[in-house]
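Below is final_27.txt, which holds compact mmCIF, C-alpha atoms and all ligand atoms.
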# COMPACT_ATOMS: atom_id res chain seq x y z
CA MET A 1 121.65 149.14 127.83
CA ASP A 2 124.80 150.62 126.41
CA PHE A 3 125.89 149.39 122.98
CA SER A 4 128.58 152.02 122.39
CA LYS A 5 131.48 149.61 121.83
CA SER A 6 129.47 147.49 119.38
CA GLU A 7 128.44 150.69 117.61
CA SER A 8 131.98 152.00 117.26
CA LEU A 9 133.25 148.56 116.14
CA LYS A 10 130.71 148.59 113.31
CA ASN A 11 132.49 151.49 111.65
CA ILE A 12 135.92 149.93 112.11
CA SER A 13 134.79 146.50 110.99
CA GLU A 14 133.25 147.88 107.81
CA GLN A 15 136.64 149.27 106.80
CA HIS A 16 138.11 145.77 106.81
CA ILE A 17 135.42 143.12 106.49
CA LEU A 18 133.08 143.56 103.59
CA GLY A 19 129.79 144.82 105.01
CA GLY A 20 131.20 144.33 108.50
CA VAL A 21 129.93 140.74 108.67
CA ASN A 22 131.04 137.33 107.47
CA SER A 23 127.52 136.16 106.75
CA PRO A 24 124.74 138.50 105.58
CA SER A 25 122.23 137.24 108.15
CA ARG A 26 124.44 138.70 110.90
CA SER A 27 123.83 142.25 109.73
CA TYR A 28 120.84 144.00 111.29
CA LYS A 29 119.51 145.05 107.90
CA ALA A 30 116.18 143.30 108.45
CA VAL A 31 115.69 144.83 111.91
CA GLY A 32 116.30 148.51 111.37
CA GLY A 33 119.96 148.52 110.36
CA GLY A 34 121.47 149.11 113.81
CA ALA A 35 124.98 148.01 114.77
CA PRO A 36 125.20 144.24 115.13
CA ILE A 37 126.10 143.24 118.68
CA VAL A 38 129.73 142.16 118.90
CA MET A 39 130.08 139.17 121.20
CA GLU A 40 133.03 138.44 123.39
CA ARG A 41 132.32 135.17 125.18
CA GLY A 42 129.59 132.69 125.97
CA LYS A 43 128.84 130.30 128.80
CA GLY A 44 125.86 127.96 128.98
CA SER A 45 122.65 129.67 127.83
CA LYS A 46 124.17 133.17 127.94
CA PHE A 47 126.58 135.22 125.92
CA TYR A 48 128.22 138.55 126.66
CA ASP A 49 129.03 141.43 124.34
CA VAL A 50 131.97 143.83 124.22
CA ASP A 51 129.98 146.39 126.25
CA GLY A 52 129.57 143.85 129.06
CA ASN A 53 125.86 143.21 128.40
CA GLU A 54 124.51 139.72 129.16
CA TYR A 55 121.97 138.02 126.89
CA ILE A 56 119.97 134.84 127.09
CA ASP A 57 120.89 133.29 123.77
CA TYR A 58 118.12 131.95 121.51
CA LEU A 59 120.24 132.35 118.38
CA ALA A 60 122.42 129.37 119.32
CA ALA A 61 124.68 130.31 116.40
CA TYR A 62 121.77 129.61 114.00
CA GLY A 63 121.43 126.13 115.45
CA PRO A 64 124.68 124.30 116.18
CA ILE A 65 125.04 125.34 119.83
CA ILE A 66 122.36 122.98 121.17
CA THR A 67 124.48 122.22 124.24
CA GLY A 68 125.03 125.89 125.05
CA HIS A 69 128.33 127.74 125.06
CA ALA A 70 131.54 126.17 126.36
CA HIS A 71 129.89 122.97 127.54
CA PRO A 72 132.49 121.24 129.77
CA HIS A 73 132.32 117.87 127.97
CA ILE A 74 132.74 119.55 124.59
CA THR A 75 135.48 121.89 125.79
CA GLU A 76 137.34 118.86 127.11
CA ALA A 77 137.07 117.13 123.72
CA ILE A 78 138.40 120.25 121.98
CA LYS A 79 141.35 120.46 124.39
CA ASN A 80 142.16 116.78 123.89
CA ALA A 81 141.97 117.17 120.11
CA ALA A 82 144.26 120.21 120.24
CA GLU A 83 146.83 118.30 122.26
CA ASP A 84 146.87 115.43 119.78
CA GLY A 85 147.19 117.67 116.72
CA ILE A 86 144.13 118.86 114.85
CA LEU A 87 144.80 117.83 111.26
CA TYR A 88 146.72 114.99 109.64
CA GLY A 89 145.21 114.62 106.18
CA THR A 90 144.91 110.90 106.86
CA SER A 91 142.23 108.55 108.12
CA THR A 92 141.56 108.46 111.87
CA THR A 93 139.72 106.13 114.25
CA HIS A 94 137.59 109.09 115.38
CA GLU A 95 135.90 109.47 112.00
CA ILE A 96 135.02 105.76 111.93
CA LYS A 97 133.51 105.99 115.41
CA PHE A 98 131.54 109.12 114.47
CA ALA A 99 130.21 107.61 111.24
CA GLN A 100 129.00 104.62 113.26
CA MET A 101 127.32 106.91 115.79
CA LEU A 102 125.48 108.70 113.00
CA GLN A 103 124.44 105.42 111.39
CA ASP A 104 123.17 104.04 114.71
CA ALA A 105 121.04 107.17 115.14
CA ILE A 106 119.93 107.51 111.50
CA PRO A 107 119.76 104.06 109.88
CA SER A 108 119.20 105.34 106.31
CA LEU A 109 122.88 106.38 106.29
CA GLU A 110 124.25 103.14 104.86
CA ARG A 111 127.45 105.02 104.07
CA VAL A 112 128.59 108.44 105.28
CA ARG A 113 131.09 111.08 104.17
CA PHE A 114 132.21 114.11 106.16
CA VAL A 115 132.64 117.57 104.65
CA ASN A 116 132.98 121.02 106.21
CA SER A 117 129.64 122.79 105.93
CA GLY A 118 125.98 122.29 105.27
CA THR A 119 126.45 123.98 101.91
CA GLU A 120 128.99 121.37 100.84
CA ALA A 121 126.88 118.50 102.12
CA VAL A 122 123.78 119.55 100.15
CA MET A 123 125.78 120.45 97.05
CA THR A 124 127.36 117.00 97.04
CA THR A 125 124.12 115.09 97.50
CA ILE A 126 122.76 116.88 94.43
CA ARG A 127 125.84 115.94 92.43
CA ILE A 128 125.49 112.30 93.46
CA ALA A 129 121.79 112.25 92.63
CA ARG A 130 122.63 113.60 89.19
CA ALA A 131 125.41 111.04 88.73
CA TYR A 132 123.14 108.19 89.83
CA THR A 133 120.07 109.14 87.80
CA LYS A 134 121.98 110.65 84.86
CA ARG A 135 119.45 113.51 85.00
CA ASN A 136 120.03 117.20 85.68
CA LYS A 137 117.05 118.94 87.22
CA ILE A 138 116.07 119.15 90.86
CA ILE A 139 112.89 120.24 92.58
CA LYS A 140 113.13 122.27 95.77
CA PHE A 141 110.60 124.00 97.98
CA GLU A 142 109.91 127.73 98.20
CA GLY A 143 111.64 129.55 101.05
CA CYS A 144 113.90 126.62 101.95
CA TYR A 145 117.55 127.64 102.18
CA HIS A 146 120.04 124.91 101.32
CA GLY A 147 123.34 126.76 101.51
CA HIS A 148 125.00 129.09 99.04
CA SER A 149 126.00 126.80 96.18
CA ASP A 150 124.80 128.01 92.76
CA LEU A 151 122.11 125.45 92.20
CA VAL A 152 120.12 126.12 95.35
CA LEU A 153 120.26 129.94 95.17
CA VAL A 154 117.30 129.91 92.90
CA ALA A 155 113.87 131.47 93.29
CA ALA A 156 110.57 130.04 92.15
CA GLY A 157 109.25 130.42 88.64
CA SER A 158 105.63 131.50 88.40
CA GLY A 159 104.20 127.98 88.60
CA PRO A 160 105.17 124.36 89.07
CA SER A 161 105.96 123.89 85.41
CA GLN A 162 108.23 126.98 85.33
CA LEU A 163 111.99 126.88 85.63
CA GLY A 164 113.72 128.88 88.34
CA THR A 165 115.46 132.23 88.11
CA PRO A 166 118.71 133.11 89.92
CA ASP A 167 118.17 134.47 93.42
CA SER A 168 121.70 135.87 93.50
CA ALA A 169 123.78 137.79 91.01
CA GLY A 170 126.50 135.55 89.66
CA VAL A 171 124.33 132.45 89.37
CA PRO A 172 124.06 131.67 85.65
CA ILE A 173 120.57 131.43 84.17
CA GLY A 174 121.59 128.06 82.78
CA VAL A 175 122.14 126.75 86.30
CA ALA A 176 118.89 128.21 87.60
CA GLN A 177 117.03 126.52 84.78
CA ASP A 178 117.86 123.17 86.31
CA VAL A 179 115.79 124.01 89.38
CA ILE A 180 112.04 123.96 89.81
CA THR A 181 110.59 125.43 93.00
CA VAL A 182 107.20 124.49 94.42
CA PRO A 183 105.45 125.44 97.69
CA PHE A 184 106.09 123.27 100.75
CA ASN A 185 103.12 121.14 101.85
CA ASP A 186 101.60 121.34 98.35
CA ILE A 187 101.52 117.87 96.84
CA ASP A 188 99.50 118.95 93.79
CA GLN A 189 102.12 121.41 92.60
CA LEU A 190 104.87 118.86 93.22
CA THR A 191 102.94 116.28 91.21
CA GLU A 192 102.41 118.78 88.40
CA ALA A 193 106.13 119.66 88.31
CA ILE A 194 107.15 115.99 88.22
CA GLU A 195 104.61 115.19 85.52
CA HIS A 196 105.77 118.14 83.46
CA PHE A 197 109.52 117.51 83.66
CA GLY A 198 109.35 113.71 84.04
CA ASP A 199 112.62 112.00 83.25
CA GLU A 200 114.63 115.21 83.63
CA ILE A 201 114.18 115.24 87.43
CA ALA A 202 117.16 113.81 89.32
CA ALA A 203 115.90 114.55 92.80
CA VAL A 204 113.45 116.28 95.09
CA LEU A 205 115.34 118.21 97.77
CA VAL A 206 113.40 118.90 100.95
CA GLU A 207 113.86 119.91 104.58
CA PRO A 208 111.68 117.22 106.22
CA ILE A 209 110.75 119.80 108.85
CA VAL A 210 111.38 123.31 107.61
CA GLY A 211 113.78 125.41 109.66
CA ASN A 212 114.35 128.26 107.25
CA PHE A 213 111.10 130.14 107.25
CA GLY A 214 110.60 129.34 110.86
CA ILE A 215 109.69 125.91 112.13
CA VAL A 216 107.14 124.36 109.78
CA GLU A 217 106.10 120.74 109.97
CA PRO A 218 104.89 118.77 106.96
CA TYR A 219 101.26 117.77 107.08
CA GLU A 220 100.75 114.14 107.99
CA GLY A 221 101.61 111.95 105.03
CA PHE A 222 103.23 114.72 102.95
CA LEU A 223 106.73 113.23 103.02
CA GLU A 224 105.40 109.75 102.23
CA GLN A 225 103.66 111.27 99.21
CA VAL A 226 106.89 113.02 98.18
CA ASN A 227 108.69 109.67 98.30
CA GLU A 228 105.98 107.90 96.35
CA ILE A 229 105.73 110.50 93.58
CA ALA A 230 109.50 110.91 93.25
CA HIS A 231 110.24 107.20 93.26
CA ARG A 232 107.50 106.44 90.74
CA ASN A 233 109.38 108.86 88.48
CA ASN A 234 112.73 107.19 89.28
CA SER A 235 113.87 110.40 90.97
CA LEU A 236 115.67 110.40 94.30
CA VAL A 237 114.61 112.11 97.51
CA ILE A 238 117.22 114.15 99.38
CA TYR A 239 116.58 115.37 102.91
CA ASP A 240 118.38 118.49 104.01
CA GLU A 241 118.71 117.79 107.73
CA VAL A 242 121.31 120.50 108.32
CA ILE A 243 119.01 122.13 110.88
CA THR A 244 116.85 119.17 111.86
CA ALA A 245 119.35 116.36 112.56
CA PHE A 246 119.54 115.86 116.36
CA ARG A 247 117.34 118.95 116.85
CA PHE A 248 114.11 117.28 117.95
CA MET A 249 115.37 113.84 119.02
CA TYR A 250 118.55 111.80 119.04
CA GLY A 251 118.42 111.15 115.30
CA GLY A 252 116.98 112.96 112.30
CA ALA A 253 113.58 114.39 111.50
CA GLN A 254 113.32 111.28 109.31
CA ASN A 255 113.34 109.13 112.47
CA LEU A 256 110.84 111.36 114.22
CA LEU A 257 108.49 111.19 111.22
CA ASN A 258 109.36 107.59 110.35
CA VAL A 259 110.04 108.16 106.67
CA GLN A 260 113.33 107.59 104.85
CA PRO A 261 115.00 109.53 102.07
CA ASP A 262 117.56 108.15 99.63
CA LEU A 263 120.23 110.67 100.64
CA THR A 264 120.61 112.96 103.65
CA ALA A 265 122.70 116.11 104.16
CA MET A 266 123.62 117.26 107.66
CA GLY A 267 125.66 119.94 109.45
CA LYS A 268 125.32 122.35 112.38
CA ILE A 269 124.60 120.27 115.55
CA ILE A 270 126.74 117.31 114.48
CA GLY A 271 129.84 119.51 114.73
CA GLY A 272 129.04 120.74 118.23
CA GLY A 273 129.92 124.28 117.07
CA THR A 274 132.89 123.45 114.83
CA PRO A 275 132.71 123.59 111.02
CA ILE A 276 131.23 120.37 109.70
CA GLY A 277 128.89 118.83 107.19
CA ALA A 278 128.08 115.22 106.43
CA TYR A 279 126.07 113.37 103.88
CA GLY A 280 125.08 109.78 103.38
CA GLY A 281 122.41 107.38 102.28
CA ARG A 282 121.74 104.27 100.26
CA LEU A 283 124.86 102.24 99.52
CA ASP A 284 124.04 101.70 95.84
CA ILE A 285 123.82 105.49 95.43
CA MET A 286 126.78 106.39 97.63
CA GLU A 287 128.92 103.99 95.60
CA HIS A 288 128.85 106.60 92.85
CA VAL A 289 131.21 108.79 94.89
CA ALA A 290 135.01 108.75 94.38
CA PRO A 291 137.11 106.71 95.06
CA LEU A 292 134.49 104.00 94.35
CA GLY A 293 132.60 105.88 91.65
CA PRO A 294 132.75 108.68 89.12
CA ALA A 295 131.18 111.55 91.16
CA TYR A 296 133.89 113.63 92.78
CA GLN A 297 133.97 115.03 96.30
CA ALA A 298 137.09 115.75 98.31
CA GLY A 299 138.33 118.03 101.10
CA THR A 300 141.58 118.95 102.85
CA MET A 301 139.62 119.53 106.04
CA ALA A 302 137.03 116.80 105.50
CA GLY A 303 136.74 114.63 108.61
CA ASN A 304 139.25 116.78 110.48
CA PRO A 305 139.84 115.38 113.99
CA LEU A 306 138.91 118.65 115.73
CA SER A 307 135.40 118.76 114.25
CA ILE A 308 134.90 115.02 114.50
CA ARG A 309 135.95 114.77 118.16
CA THR A 310 133.81 117.80 119.03
CA GLY A 311 130.88 116.27 117.16
CA ILE A 312 131.26 112.99 119.05
CA ALA A 313 131.29 114.87 122.37
CA CYS A 314 128.17 116.82 121.37
CA LEU A 315 126.26 113.66 120.48
CA GLU A 316 127.39 112.05 123.75
CA VAL A 317 125.77 114.92 125.63
CA LEU A 318 122.60 114.68 123.54
CA LYS A 319 122.38 110.91 124.07
CA GLU A 320 122.06 111.28 127.83
CA ASP A 321 118.66 110.38 129.28
CA GLY A 322 116.00 113.05 129.32
CA VAL A 323 117.74 115.65 127.12
CA TYR A 324 114.99 116.01 124.53
CA GLU A 325 112.23 115.58 127.12
CA ARG A 326 113.68 118.59 128.92
CA LEU A 327 113.93 120.62 125.70
CA GLU A 328 110.29 119.75 125.05
CA LYS A 329 109.29 120.86 128.56
CA LEU A 330 111.14 124.17 128.28
CA GLY A 331 109.82 124.71 124.75
CA GLN A 332 106.27 124.01 125.85
CA ARG A 333 106.50 126.50 128.72
CA LEU A 334 108.07 129.17 126.51
CA GLU A 335 105.37 128.75 123.88
CA GLU A 336 102.64 128.84 126.50
CA GLY A 337 104.10 131.98 128.13
CA ILE A 338 104.48 133.83 124.84
CA GLN A 339 100.99 132.79 123.76
CA GLN A 340 99.56 134.20 127.00
CA GLY A 341 101.26 137.51 126.14
CA ILE A 342 99.86 137.44 122.60
CA ASP A 343 96.36 136.91 124.01
CA GLN A 344 96.69 139.41 126.86
CA TYR A 345 98.02 142.27 124.73
CA GLY A 346 96.03 141.51 121.60
CA ILE A 347 99.11 141.02 119.42
CA LYS A 348 98.37 139.69 115.95
CA ALA A 349 100.82 136.81 116.02
CA ASN A 350 101.01 133.06 116.21
CA ILE A 351 103.63 130.49 117.10
CA ASN A 352 104.98 127.35 115.47
CA ARG A 353 106.98 125.11 117.78
CA LEU A 354 108.51 121.69 117.84
CA VAL A 355 110.45 120.54 120.93
CA GLY A 356 113.06 123.25 121.66
CA ALA A 357 112.64 125.31 118.48
CA LEU A 358 109.97 127.89 117.82
CA THR A 359 109.07 130.87 115.67
CA ILE A 360 106.71 133.77 116.31
CA TYR A 361 105.07 135.05 113.17
CA PHE A 362 103.49 138.50 113.33
CA THR A 363 100.49 137.40 111.32
CA GLU A 364 97.29 135.66 112.28
CA GLU A 365 97.70 133.23 109.41
CA LYS A 366 98.88 129.76 110.46
CA VAL A 367 102.19 129.20 108.70
CA THR A 368 102.43 126.00 106.67
CA GLN A 369 104.10 127.48 103.55
CA TYR A 370 106.59 130.21 102.75
CA SER A 371 103.97 132.68 101.50
CA HIS A 372 102.36 132.61 104.96
CA ALA A 373 105.72 133.36 106.64
CA GLU A 374 106.27 136.19 104.17
CA SER A 375 103.09 137.81 105.45
CA SER A 376 104.59 138.08 108.96
CA ASN A 377 104.86 141.83 109.64
CA ALA A 378 108.55 142.79 109.27
CA GLU A 379 108.19 146.13 111.07
CA GLN A 380 106.55 144.52 114.06
CA PHE A 381 109.22 141.85 114.17
CA SER A 382 111.91 144.52 114.02
CA GLU A 383 110.36 146.38 116.95
CA PHE A 384 109.98 143.12 118.88
CA PHE A 385 113.60 142.12 118.20
CA ASN A 386 115.06 145.48 119.22
CA LEU A 387 112.97 145.84 122.39
CA LEU A 388 113.75 142.26 123.41
CA LEU A 389 117.46 142.81 122.81
CA ARG A 390 117.31 145.66 125.31
CA GLU A 391 115.75 143.23 127.78
CA GLY A 392 118.81 140.98 127.41
CA ILE A 393 117.12 138.42 125.17
CA HIS A 394 118.95 137.68 121.92
CA LEU A 395 117.05 136.35 118.91
CA ALA A 396 118.19 135.95 115.32
CA PRO A 397 117.73 139.29 113.52
CA SER A 398 115.20 137.99 110.99
CA LYS A 399 111.48 137.29 111.05
CA TYR A 400 112.14 133.98 109.29
CA GLU A 401 114.48 132.42 111.83
CA ALA A 402 113.70 130.09 114.72
CA TRP A 403 114.47 130.49 118.40
CA PHE A 404 116.60 127.60 119.62
CA ILE A 405 116.57 126.45 123.24
CA THR A 406 119.75 124.69 124.40
CA THR A 407 120.31 121.98 126.99
CA GLU A 408 121.76 124.71 129.23
CA HIS A 409 118.69 126.96 129.29
CA THR A 410 117.14 126.88 132.75
CA GLU A 411 113.56 127.22 133.86
CA GLU A 412 114.59 130.59 135.26
CA ASP A 413 115.85 131.68 131.80
CA ILE A 414 112.50 130.74 130.31
CA GLU A 415 110.48 132.58 132.97
CA LYS A 416 112.70 135.65 132.59
CA THR A 417 112.20 135.53 128.84
CA ILE A 418 108.41 135.25 129.16
CA LYS A 419 108.30 138.27 131.47
CA ALA A 420 110.47 140.26 129.05
CA VAL A 421 108.27 139.25 126.10
CA HIS A 422 105.18 140.43 128.02
CA ARG A 423 106.80 143.81 128.75
CA VAL A 424 107.71 144.14 125.07
CA PHE A 425 104.19 143.19 123.94
CA GLU A 426 102.78 145.76 126.37
CA LYS A 427 104.94 148.48 124.77
CA MET A 428 104.03 147.34 121.27
CA SER A 429 100.32 147.31 122.04
CA SER A 430 100.24 150.72 123.72
CA LYS A 431 101.36 152.56 120.59
N1 LIG B 501 120.76 123.70 104.70
C1 LIG B 501 120.01 124.25 105.68
C2 LIG B 501 118.64 123.69 105.94
C3 LIG B 501 120.50 125.33 106.41
O1 LIG B 501 119.73 125.89 107.35
C4 LIG B 501 121.80 125.81 106.14
C5 LIG B 501 122.40 126.98 106.91
N2 LIG B 501 121.54 127.80 107.58
C6 LIG B 501 122.55 125.20 105.13
C7 LIG B 501 122.00 124.14 104.44
C8 LIG B 501 123.94 125.65 104.83
O2 LIG B 501 124.79 125.26 105.87
P1 LIG B 501 126.17 126.05 106.12
O3 LIG B 501 125.81 127.42 106.54
O4 LIG B 501 126.85 125.23 107.18
O5 LIG B 501 126.91 126.01 104.83

Show me the file's structure as C-alpha cells.
Amino acid sequence: MDFSKSESLKNISEQHILGGVNSPSRSYKAVGGGAPIVMERGKGSKFYDVDGNEYIDYLAAYGPIITGHAHPHITEAIKNAAEDGILYGTSTTHEIKFAQMLQDAIPSLERVRFVNSGTEAVMTTIRIARAYTKRNKIIKFEGCYHGHSDLVLVAAGSGPSQLGTPDSAGVPIGVAQDVITVPFNDIDQLTEAIEHFGDEIAAVLVEPIVGNFGIVEPYEGFLEQVNEIAHRNNSLVIYDEVITAFRFMYGGAQNLLNVQPDLTAMGKIIGGGTPIGAYGGRLDIMEHVAPLGPAYQAGTMAGNPLSIRTGIACLEVLKEDGVYERLEKLGQRLEEGIQQGIDQYGIKANINRLVGALTIYFTEEKVTQYSHAESSNAEQFSEFFNLLLREGIHLAPSKYEAWFITTEHTEEDIEKTIKAVHRVFEKMSSK
C-alpha cells in the first residue's frame, strides 16, 4: 500500500494546523508515530484516502457514523436542511420533534436541551447537578473520558478519599480538587469516597457501559448500587451516554440495563455525524436551567436545524426493524472470527464485545477496570494496527478505543476482516 500523499501532507499540515491534527487522538503517536492517513471520501462501510487506498472503517469517526458514510436517508436530510437555511437562531419545529423522539426512546429525559458536543453536554449536567444540590464535588471513574472541560480532565488521587490532580496543563489545582476518581466496577471504593466526602458530593458521573477504555460492561447490579449509594447521600447520578446512546439498542444503555440516572448527557450518534450534544433528565432538576432557573447554558448553534434534521434522519434509520439484531449478528461473527485467530496463533489477547462494538486487549487479563486495559500491550497493539491498516482495515489508533460496526457493514466485510486479522496474527506470532 502506498501512503506517499498522506505522508507528504503530514509535513504540510504541521506547518498550519498545530500538531497536524484537530484532535490529539487522530495523531498516530500511540501507534509508532507514522503519518496519519488523510481521508478523502467515504461511502457505506468504507472510506478512501488521498492515495486512493480503500479501507473497511471500524473507526466510524469515534462512534457517530453508525449508519456508515453518506447514508442516502441522511444525505437527503442534509440536502433538505441546506435548502431551507441551516441556522436561524430561533426555535424550530424540528427540535421539538427530535426532543420527543429522544424522550420516547429514553424516558428518563423528562426535559431535554440541545448543545453542540459531548463535552458541552457533560459539562452542563455537572453545572446543573451543582446548582441543584448546592454542592461542588463530583466523583468520576478511572479511565473514563468525559470531554475536555476542566473538571473532567482530572486523574485519580492515590485512593478513594484522595482528591484528583489535573490531567492536563492549564487545569487549576483548585478545579481538580473538586473531583474524586475511583475504579469502575468497584463499589467499595465508591462507598468509601462518598462516606469520606459526604455532603460535598454533588454527583456521581458514570458511563453506564464504558466506551473509553474499550467496551466494558458494569457487573450485574453495579449501577443500581451506584444509584442507591449516591441517592442515600442526596447526590445525583449523571450518565454520560455520549458513546452509548443508540449504540446497543434504540435507546440508551440505561434502557438496556433497566436503570435510570437523574441526568443524562449524549452526543455522537444522535447527530448522525454532525456536531451535536444533548442533555436531559428529571424535570425538577432541569428546571434549574435558564431561562427557568439560575444555572446558565446557552449556544448560538444549539439546536441548529442542520444537526437536528440529520439526527432525526439517523434515528429514523436506527428505528427500522432488525437494525440492532443485525449489528449483534455481525458483531458476534467478528468476535468469533478474531477469537479463533487468537487461539490458533497463540496470541495473548482477549475481547470485550457488546452488540456492534468491541475491543481487543493484548493482555490475558479480563478487562473490567481501567488498570486491566492499561496492561494491554501497547507495542503489540501498534504492530496489529499498522499491519491491519496495510490490509485495508482501519481501526482507531489507540489500544483503548473500540471497533464500531455500522449498519452498512456487510457479511463480506466481516469475513474479509477476519481473514486479514488472521494473516496479521500469523505475522505477529512468527516473530
Ligand atoms: N463523553 C464520552 C463518553 C466521550 O466518549 C466523548 C468523546 N469521545 C465525550 C464525552 C466528548 O464528546 P465530544 O468529543 O463530542 O466533545

Would you pick out the contacts of Ala202 of chain A at 12 Å or less, using all atoms listed in the file, so that residues sharing its chain but fewer than 2 positions from it are not included, and give the list as a short mmCIF file (atom, residue, chain, number, x, y, z; two decimals) with C-alpha atoms, in the coordinates of the input?
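As written to disk, selection-v5.cif reads:
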data_model
loop_
_atom_site.label_atom_id
_atom_site.label_comp_id
_atom_site.auth_asym_id
_atom_site.auth_seq_id
_atom_site.Cartn_x
_atom_site.Cartn_y
_atom_site.Cartn_z
CA THR A 125 124.12 115.09 97.50
CA ILE A 126 122.76 116.88 94.43
CA ARG A 127 125.84 115.94 92.43
CA ILE A 128 125.49 112.30 93.46
CA ALA A 129 121.79 112.25 92.63
CA ARG A 130 122.63 113.60 89.19
CA ALA A 131 125.41 111.04 88.73
CA TYR A 132 123.14 108.19 89.83
CA THR A 133 120.07 109.14 87.80
CA LYS A 134 121.98 110.65 84.86
CA ARG A 135 119.45 113.51 85.00
CA ASN A 136 120.03 117.20 85.68
CA LYS A 137 117.05 118.94 87.22
CA ILE A 138 116.07 119.15 90.86
CA ILE A 139 112.89 120.24 92.58
CA LYS A 140 113.13 122.27 95.77
CA ASP A 178 117.86 123.17 86.31
CA VAL A 179 115.79 124.01 89.38
CA ILE A 180 112.04 123.96 89.81
CA ILE A 194 107.15 115.99 88.22
CA PHE A 197 109.52 117.51 83.66
CA GLY A 198 109.35 113.71 84.04
CA ASP A 199 112.62 112.00 83.25
CA GLU A 200 114.63 115.21 83.63
CA VAL A 204 113.45 116.28 95.09
CA LEU A 205 115.34 118.21 97.77
CA ALA A 230 109.50 110.91 93.25
CA HIS A 231 110.24 107.20 93.26
CA ASN A 233 109.38 108.86 88.48
CA ASN A 234 112.73 107.19 89.28
CA SER A 235 113.87 110.40 90.97
CA LEU A 236 115.67 110.40 94.30
CA VAL A 237 114.61 112.11 97.51
CA ILE A 238 117.22 114.15 99.38
CA ASP A 262 117.56 108.15 99.63
#

Which residues are near segment 181-187 of chain A? Cut-off 7 Å, all atoms listed in the file, ignore same chain within fewer than 3 positions. Put them as a JSON list (two decimals) with C-alpha atoms, in the coordinates of the input.
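Output file result-v4.json is given in full below:
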[["chain", "number", "residue", "atom", "x", "y", "z"],
["A", 139, "ILE", "CA", 112.89, 120.24, 92.58],
["A", 140, "LYS", "CA", 113.13, 122.27, 95.77],
["A", 141, "PHE", "CA", 110.60, 124.00, 97.98],
["A", 142, "GLU", "CA", 109.91, 127.73, 98.20],
["A", 155, "ALA", "CA", 113.87, 131.47, 93.29],
["A", 156, "ALA", "CA", 110.57, 130.04, 92.15],
["A", 157, "GLY", "CA", 109.25, 130.42, 88.64],
["A", 160, "PRO", "CA", 105.17, 124.36, 89.07],
["A", 164, "GLY", "CA", 113.72, 128.88, 88.34],
["A", 190, "LEU", "CA", 104.87, 118.86, 93.22],
["A", 191, "THR", "CA", 102.94, 116.28, 91.21],
["A", 218, "PRO", "CA", 104.89, 118.77, 106.96],
["A", 219, "TYR", "CA", 101.26, 117.77, 107.08],
["A", 222, "PHE", "CA", 103.23, 114.72, 102.95],
["A", 368, "THR", "CA", 102.43, 126.00, 106.67],
["A", 369, "GLN", "CA", 104.10, 127.48, 103.55]]

Report task. Could you please extract the residues within 8 Å of ligand LIG 501 (chain B), counting all atoms listed in the file, and hand them back as a count of residues only? Result -> 29

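For Ile106 of chain A, the set of protein, DNA and RNA residues having any atom at most 9 Å away, when counting only C-alpha atoms and skipping those fewer than 3 positions along the same chain, is Met101, Leu102, Gln103, Leu109, Ala245, Tyr250, Gly251, Gly252, Gln254 and Asn255 of chain A.
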
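Put simply, atom CA of Leu334 of chain A is 24.2 Å away from atom CA of Ile37 of chain A.
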
Query - Spatial neighbours of Thr92 of chain A, 10 Å, all atoms listed in the file, chain gap at least 3 places, as a ChimeraX atom specification - result: /A:87-89,95-97,303-305,308

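With atom CA of Leu256 of chain A on one side and atom CA of Val152 of chain A on the other, the separation reads 25.7 Å.
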
**Report entry** Counting all atoms listed in the file, the residue of A:Asn386, A:Asn22, A:Ser108, A:Ser376 that sits nearest Lys427 of chain A
**Finding:**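 When distances to Lys427 of chain A are compared using all atoms listed in the file, the smallest one comes from A:Asn386.
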
Query raised in the report: For Tyr58 of chain A, which residue among A:Ser371, A:Thr90, A:Thr75, A:Ser45 is the nearest when counting only C-alpha atoms?
Result: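 Answer, going by the shortest atom-to-atom distance: A:Ser45.
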
Report task. Work out how far apart atom CA of Val216 of chain A and atom CA of Tyr239 of chain A are and give it in Å to one decimal. Result -> 14.7 Å

Query raised in the report: Which polymer residues, protein or nucleic acid, are no farther than 9 Å from (109.3, 129.7, 108.8), counting all atoms listed in the file, as a PyMOL selection string?
Result: chain A and resi 143-144+210-216+352+359-361+367-370+372-374+399-402

Requested in this report: Rank A:Asn377, A:Asn227, A:Gln340, A:Ser168 by their smallest atom-to-atom distance to Leu151 of chain A, using all atoms listed in the file, and report the top residue only.
Outcome: A:Ser168

Assuming 5 Å of padding per side, give the centre and edge lengths of the axis-aligned box around every listed atom of segment 343-349 of chain A, in Å to one decimal and as lines of an AutoDock Vina configuration file.
center_x = 98.4
center_y = 139.5
center_z = 121.4
size_x = 14.8
size_y = 15.5
size_z = 20.9

Query raised in the report: A:Gly221, A:Asn11, A:Val31, A:Val21: which is nearest Ser382 of chain A, counting all atoms listed in the file?
Result: A:Val31

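Candidate residues A:Arg232, A:Arg26, A:Arg282, A:His69 were compared for distance to Val112 of chain A, and the nearest is A:Arg282, using all atoms listed in the file.
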
If you take all atoms listed in the file and a cut-off of 12 Å, which residues of segment 293-372 of chain A touch segment 284-288 of chain A, and what are their nearest atom pairs and distances in Å to one decimal, in chain and number order, as CSV?
residue,atom,partner,partner_atom,distance
A:Gly293,CA,A:His288,CA,4.0
A:Pro294,CA,A:His288,CA,5.8
A:Ala295,CA,A:His288,CA,5.7
A:Tyr296,CA,A:His288,CA,8.7
A:Gln297,CA,A:His288,CA,10.4
